[in-house]
$ cat run-v3.txt   # compact mmCIF, C-alpha atoms and all ligand atoms
# COMPACT_ATOMS: atom_id res chain seq x y z
CA MET A 19 -96.89 -4.99 -61.45
CA SER A 20 -94.22 -7.56 -62.12
CA THR A 21 -94.79 -9.26 -58.76
CA LEU A 22 -98.56 -8.83 -58.90
CA PHE A 23 -98.89 -10.69 -62.18
CA SER A 24 -95.79 -12.82 -61.98
CA GLU A 25 -95.85 -16.37 -63.28
CA SER A 26 -94.17 -17.72 -60.18
CA PHE A 27 -97.25 -19.83 -59.50
CA LEU A 28 -96.38 -21.78 -62.66
CA GLN A 29 -92.75 -22.33 -61.64
CA ARG A 30 -93.44 -22.88 -57.97
CA PRO A 31 -96.87 -24.41 -57.62
CA ARG A 32 -98.39 -25.39 -54.30
CA ARG A 33 -97.41 -28.95 -53.41
CA GLU A 34 -98.24 -31.64 -50.91
CA LEU A 35 -94.89 -33.32 -50.28
CA ALA A 36 -96.42 -36.08 -48.16
CA PRO A 37 -99.79 -36.49 -46.44
CA GLY A 38 -100.12 -33.52 -44.07
CA ALA A 39 -97.05 -31.69 -45.44
CA VAL A 40 -98.07 -28.76 -47.62
CA TRP A 41 -95.87 -26.13 -49.25
CA VAL A 42 -97.54 -22.88 -50.35
CA PRO A 43 -95.05 -20.65 -52.21
CA ASP A 44 -95.53 -16.86 -52.06
CA TRP A 45 -98.15 -17.08 -49.34
CA LEU A 46 -97.30 -13.76 -47.69
CA SER A 47 -97.38 -10.47 -49.57
CA THR A 48 -94.21 -8.39 -49.48
CA GLU A 49 -96.04 -5.92 -47.24
CA GLU A 50 -96.81 -8.69 -44.74
CA GLN A 51 -93.19 -9.86 -44.93
CA ARG A 52 -91.91 -6.35 -44.17
CA TRP A 53 -94.30 -6.06 -41.24
CA LEU A 54 -93.05 -9.37 -39.81
CA VAL A 55 -89.43 -8.26 -40.27
CA ASP A 56 -90.21 -5.17 -38.17
CA ARG A 57 -91.68 -7.41 -35.44
CA PHE A 58 -88.56 -9.60 -35.65
CA HIS A 59 -86.37 -6.59 -34.86
CA GLU A 60 -88.60 -5.74 -31.88
CA TRP A 61 -88.42 -9.29 -30.50
CA GLY A 62 -84.64 -9.18 -30.82
CA ARG A 63 -84.46 -6.21 -28.44
CA GLY A 64 -85.57 -8.28 -25.49
CA PRO A 65 -86.47 -9.32 -22.81
CA VAL A 66 -84.52 -12.35 -24.04
CA PRO A 67 -82.00 -11.64 -26.81
CA PRO A 68 -81.58 -14.06 -29.70
CA ARG A 69 -78.99 -16.72 -28.96
CA ALA A 70 -77.35 -19.74 -30.53
CA ALA A 71 -78.72 -22.71 -28.60
CA LYS A 72 -76.22 -25.24 -27.30
CA ILE A 73 -76.54 -28.75 -28.61
CA GLY A 74 -74.19 -31.21 -26.94
CA ALA A 75 -70.68 -29.75 -27.06
CA GLY A 76 -71.49 -27.36 -29.91
CA GLU A 77 -73.72 -24.47 -30.76
CA MET A 78 -76.39 -24.12 -33.41
CA SER A 79 -75.45 -21.87 -36.33
CA VAL A 80 -78.81 -20.07 -36.16
CA GLN A 81 -79.80 -17.46 -33.59
CA THR A 82 -83.16 -18.14 -31.97
CA VAL A 83 -85.62 -15.91 -30.18
CA CYS A 84 -88.84 -17.41 -28.82
CA LEU A 85 -92.38 -16.26 -28.16
CA GLY A 86 -94.80 -17.76 -25.65
CA TRP A 87 -92.50 -20.49 -24.40
CA HIS A 88 -88.72 -20.44 -24.45
CA TRP A 89 -87.20 -23.42 -26.22
CA GLN A 90 -83.99 -24.93 -24.98
CA PRO A 91 -82.97 -28.00 -26.84
CA TYR A 92 -85.30 -30.73 -25.57
CA ALA A 93 -87.45 -28.58 -23.23
CA TYR A 94 -89.76 -25.56 -23.04
CA SER A 95 -89.94 -23.14 -20.12
CA ARG A 96 -91.38 -19.69 -19.49
CA GLU A 97 -88.04 -18.33 -18.29
CA ALA A 98 -84.96 -18.37 -20.49
CA THR A 99 -82.75 -19.97 -17.86
CA ASP A 100 -80.03 -20.70 -20.43
CA VAL A 101 -79.84 -17.04 -21.53
CA ASN A 102 -80.61 -14.35 -18.94
CA GLY A 103 -83.40 -15.85 -16.84
CA ASN A 104 -86.02 -13.41 -18.18
CA ARG A 105 -89.51 -14.47 -19.03
CA VAL A 106 -90.14 -14.73 -22.77
CA LEU A 107 -92.51 -12.45 -24.61
CA GLU A 108 -96.19 -13.37 -24.69
CA PHE A 109 -97.38 -15.22 -27.75
CA PRO A 110 -99.16 -12.51 -29.79
CA GLU A 111 -102.87 -12.85 -30.53
CA TRP A 112 -102.27 -11.83 -34.14
CA MET A 113 -99.93 -14.78 -34.53
CA VAL A 114 -102.67 -17.16 -33.39
CA ARG A 115 -104.81 -15.72 -36.19
CA LEU A 116 -101.94 -16.03 -38.67
CA GLY A 117 -101.47 -19.65 -37.62
CA ARG A 118 -105.17 -20.37 -38.15
CA LYS A 119 -105.07 -18.75 -41.56
CA ALA A 120 -102.09 -20.93 -42.43
CA ILE A 121 -103.90 -24.11 -41.35
CA LEU A 122 -106.95 -23.08 -43.37
CA GLU A 123 -104.74 -22.49 -46.39
CA ALA A 124 -102.95 -25.81 -46.00
CA THR A 125 -105.91 -28.03 -45.13
CA GLY A 126 -108.97 -26.21 -46.47
CA ASP A 127 -110.63 -27.30 -43.22
CA PRO A 128 -112.21 -24.41 -41.26
CA GLU A 129 -112.68 -26.61 -38.17
CA ALA A 130 -109.04 -27.62 -38.11
CA ALA A 131 -108.11 -23.94 -38.47
CA ALA A 132 -110.46 -22.77 -35.71
CA GLY A 133 -109.12 -25.48 -33.39
CA TYR A 134 -105.50 -24.47 -33.92
CA THR A 135 -104.07 -22.36 -31.08
CA PRO A 136 -100.28 -22.16 -31.27
CA ASP A 137 -98.67 -21.08 -28.00
CA THR A 138 -95.01 -20.93 -28.96
CA ALA A 139 -92.95 -19.74 -31.90
CA LEU A 140 -89.26 -20.30 -32.52
CA VAL A 141 -87.89 -17.50 -34.64
CA ASN A 142 -84.59 -18.43 -36.23
CA TYR A 143 -82.17 -16.11 -37.97
CA TYR A 144 -79.85 -17.67 -40.56
CA THR A 145 -76.74 -16.02 -41.97
CA GLY A 146 -75.30 -17.18 -45.29
CA ASP A 147 -73.35 -19.89 -43.46
CA SER A 148 -76.09 -21.21 -41.18
CA LYS A 149 -77.52 -24.68 -41.53
CA MET A 150 -79.83 -26.86 -39.53
CA GLY A 151 -79.25 -30.59 -39.29
CA MET A 152 -81.99 -33.13 -39.85
CA HIS A 153 -84.20 -33.37 -36.77
CA GLN A 154 -87.76 -33.95 -35.63
CA ASP A 155 -89.81 -31.32 -33.80
CA ARG A 156 -90.65 -33.52 -30.87
CA ASP A 157 -90.37 -31.39 -27.75
CA GLU A 158 -94.11 -30.67 -27.92
CA GLN A 159 -96.71 -32.81 -26.20
CA SER A 160 -99.34 -31.96 -28.78
CA THR A 161 -99.63 -33.55 -32.21
CA GLN A 162 -101.04 -30.35 -33.73
CA PRO A 163 -99.26 -29.17 -36.92
CA VAL A 164 -96.18 -26.98 -37.17
CA VAL A 165 -96.62 -23.80 -39.26
CA SER A 166 -93.42 -22.50 -40.85
CA ILE A 167 -92.99 -19.10 -42.49
CA SER A 168 -89.82 -17.95 -44.26
CA ILE A 169 -88.62 -14.43 -45.04
CA GLY A 170 -85.41 -13.19 -46.66
CA ASP A 171 -82.84 -15.35 -48.43
CA THR A 172 -84.02 -18.57 -50.03
CA CYS A 173 -82.88 -21.78 -48.37
CA GLN A 174 -82.65 -25.35 -49.43
CA PHE A 175 -85.01 -27.17 -47.13
CA ARG A 176 -84.84 -30.93 -46.77
CA PHE A 177 -88.04 -32.71 -45.85
CA GLY A 178 -87.53 -36.33 -44.96
CA ASN A 179 -89.37 -39.32 -43.61
CA THR A 180 -90.62 -40.08 -40.10
CA VAL A 181 -88.23 -42.99 -39.50
CA ASN A 182 -84.70 -41.58 -39.71
CA ARG A 183 -82.53 -38.73 -41.05
CA ASN A 184 -81.70 -40.54 -44.25
CA LYS A 185 -83.40 -41.00 -47.61
CA PRO A 186 -86.05 -40.82 -48.76
CA TYR A 187 -86.16 -37.04 -48.52
CA GLN A 188 -87.19 -34.21 -50.79
CA ASP A 189 -85.29 -30.95 -51.27
CA ILE A 190 -87.28 -27.81 -51.92
CA SER A 191 -86.37 -24.14 -52.07
CA LEU A 192 -88.17 -22.15 -49.40
CA ALA A 193 -88.21 -18.53 -50.55
CA SER A 194 -89.32 -15.30 -48.94
CA GLY A 195 -93.04 -15.42 -48.19
CA ASP A 196 -93.38 -19.20 -48.44
CA LEU A 197 -95.56 -21.19 -46.07
CA PHE A 198 -94.85 -24.78 -45.11
CA VAL A 199 -97.16 -26.75 -42.83
CA PHE A 200 -96.45 -30.21 -41.51
CA GLY A 201 -99.01 -32.08 -39.49
CA GLY A 202 -100.95 -35.34 -39.36
CA PRO A 203 -98.84 -38.27 -40.55
CA SER A 204 -95.97 -35.84 -41.36
CA ARG A 205 -95.86 -34.13 -37.97
CA LEU A 206 -92.77 -36.04 -36.86
CA ALA A 207 -90.98 -36.05 -40.22
CA TYR A 208 -87.26 -35.30 -40.06
CA HIS A 209 -86.35 -31.99 -41.68
CA GLY A 210 -83.47 -29.54 -41.91
CA VAL A 211 -81.87 -26.67 -43.81
CA THR A 212 -78.93 -27.77 -45.94
CA LYS A 213 -77.96 -24.34 -47.24
CA ILE A 214 -78.82 -20.69 -47.53
CA LEU A 215 -78.54 -18.96 -50.89
CA PRO A 216 -77.11 -15.53 -49.94
CA GLY A 217 -78.27 -12.55 -51.94
CA THR A 218 -81.60 -14.10 -52.95
CA ALA A 219 -83.81 -12.06 -50.61
CA PRO A 220 -86.15 -9.87 -52.68
CA ALA A 221 -85.48 -6.18 -52.05
CA ALA A 222 -89.09 -5.58 -51.04
CA CYS A 223 -89.18 -8.16 -48.21
CA GLY A 224 -87.44 -5.88 -45.72
CA MET A 225 -84.40 -8.11 -45.11
CA ALA A 226 -81.21 -6.95 -46.81
CA THR A 227 -79.46 -10.19 -46.01
CA GLY A 228 -80.09 -13.42 -44.10
CA ARG A 229 -83.17 -15.50 -43.55
CA ILE A 230 -85.84 -15.55 -40.87
CA ASN A 231 -87.90 -18.63 -40.23
CA ILE A 232 -90.81 -18.62 -37.82
CA THR A 233 -92.20 -21.96 -36.68
CA MET A 234 -95.39 -21.91 -34.66
CA ARG A 235 -96.25 -24.92 -32.56
CA VAL A 236 -98.70 -26.08 -29.91
CA THR A 237 -96.68 -27.19 -26.88
CA GLY A 238 -99.54 -28.94 -25.07
CA LEU A 239 -98.08 -27.50 -21.86
CA GLU A 240 -100.02 -25.71 -19.11
CA GLY A 241 -99.05 -22.77 -16.95
C1 LIG A 301 -86.83 -25.63 -37.94
O1 LIG A 301 -86.84 -26.79 -38.31
O2 LIG A 301 -86.98 -25.34 -36.75
C2 LIG A 301 -86.61 -24.53 -38.91
C3 LIG A 301 -86.81 -24.92 -40.32
C4 LIG A 301 -86.55 -23.77 -41.28
O3 LIG A 301 -85.74 -22.91 -40.95
O4 LIG A 301 -87.13 -23.75 -42.36
MN MN A 302 -87.70 -28.15 -36.86
$ encode --input "run-v3.txt" --output "C-alpha cells"
Amino acid sequence: MSTLFSESFLQRPRRELAPGAVWVPDWLSTEEQRWLVDRFHEWGRGPVPPRAAKIGAGEMSVQTVCLGWHWQPYAYSREATDVNGNRVLEFPEWMVRLGRKAILEATGDPEAAAGYTPDTALVNYYTGDSKMGMHQDRDEQSTQPVVSISIGDTCQFRFGNTVNRNKPYQDISLASGDLFVFGGPSRLAYHGVTKILPGTAPAACGMATGRINITMRVTGLEG
C-alpha cells in the first residue's frame, strides 16, 4: 500500500533534463525489478562472465556483462576476445519490447517506439565504491537513443553537455526502477556516475546491495 500510493511522484517528478533527455522515476514496478535481477544473475553465469573492462592502464570499477554485442572499450564484437573468446548471449526479444516501451514512455511517439530495435545492452554492476567517469556513448554507428534502467542502490548520476566533460551538468539521483532515455540532440551528451549511495536499495527490488544499470543501444552494425 505504501508504495502503491506513495507520493514519490511529487518529490521525484518526471523531468526533461535537456531536449531528448528524459528521466522517468519509478518506471519499473518492484516485481519487474526483481524479474530483471533474476535475469542479471543468469547472464552472469555465462557464456561470458562479467568483467571489469580495461581502459588505458587501468580497469573500470564496474563489472560489465553484455547482450547481443560484446563491448570492449571503443569497439563491439560478437566474441568476447578480451575475456574468454566466447560468443555473447543473444539480445532477448523481450528486451526489444522493453526498449520500445521505454521510448514510448519518454517520447510519447508510437512511431519512434516501433522503429526502435536495440541490439546490444551493457549491464553494469556497481559496488558501493564504483564510479563511472564522464564519457560519451559513441561506439555505436547509429544515432538512435540510449535507454537506461537502474535497479538497486541509488546513484548520483551526472548528465552533462555534448561539448566536454565539464560544466554545465546536472546531478540527479537515479533510484531503483528509474528510467533515463537520452537521444536526439542529447544522444552524445557526456554522462557519468559520481557515487553510489550504499544501503539505499529498496528491500523489494531483489538486490540486497549494489546497483545494476542496463543500457540498451542500437549499434548500427551488421552480422
Ligand atoms: C553508462 O553510462 O554506461 C552507465 C550509466 C549508469 O550507470 O547510470
Ligand atoms: Mn554511458
$ closest_residue --input "run-v3.txt" --among "A:Phe200, A:Trp112, A:Tyr144, A:Phe58" --to "A:Val165" --atoms "all atoms listed in the file"
A:Phe200
$ residues_near_ligand --input "run-v3.txt" --ligand "ligand MN 302 (chain A)" --cutoff "12 Å" --atoms "all atoms listed in the file" --output "ChimeraX atom specification"
/A:89,91-92,139-142,149-158,163-167,175-178,198-200,205-211,231-235
$ closest_residue --input "run-v3.txt" --among "A:Val80, A:Leu215, A:Val106, A:Val40" --to "A:Arg63" --atoms "all atoms listed in the file"
A:Val106
$ residues_around --input "run-v3.txt" --residues "A:Gly103" --least-positions-apart "2" --cutoff "12 Å" --atoms "only C-alpha atoms" --output "list in words"
Gly64, Pro65, Val66, Pro67, His88, Ser95, Arg96, Glu97, Ala98, Thr99, Asp100, Val101, Arg105 and Val106 of chain A
$ closest_residue --input "run-v3.txt" --among "A:Pro216, A:Arg115, A:Gly86, A:Gly201" --to "A:Glu240" --atoms "all atoms listed in the file"
A:Gly86
$ atom_distance --input "run-v3.txt" --atom1 "atom CA of A:Gln29" --atom2 "atom CA of A:Asn179"
25.0 Å
$ atom_distance --input "run-v3.txt" --atom1 "atom CA of A:Ile230" --atom2 "atom CA of A:Thr172"
9.8 Å
$ atom_distance --input "run-v3.txt" --atom1 "atom CA of A:Met113" --atom2 "atom CA of A:Tyr134"
11.2 Å
$ closest_residue --input "run-v3.txt" --among "A:Gln188, A:Thr135, A:Gln51, A:Thr82" --to "ligand LIG 301 (chain A)" --atoms "only C-alpha atoms and all ligand atoms"
A:Thr82
$ residues_near_point --input "run-v3.txt" --point "(-80.2, -14.8, -32.3)" --cutoff "6 Å" --atoms "only C-alpha atoms" --output "list in words"
Pro68, Arg69, Ala70, Gln81, Thr82 and Val83 of chain A
$ closest_residue --input "run-v3.txt" --among "A:His59, A:Arg229, A:Arg32, A:Lys72" --to "ligand LIG 301 (chain A)" --atoms "all atoms listed in the file"
A:Arg229
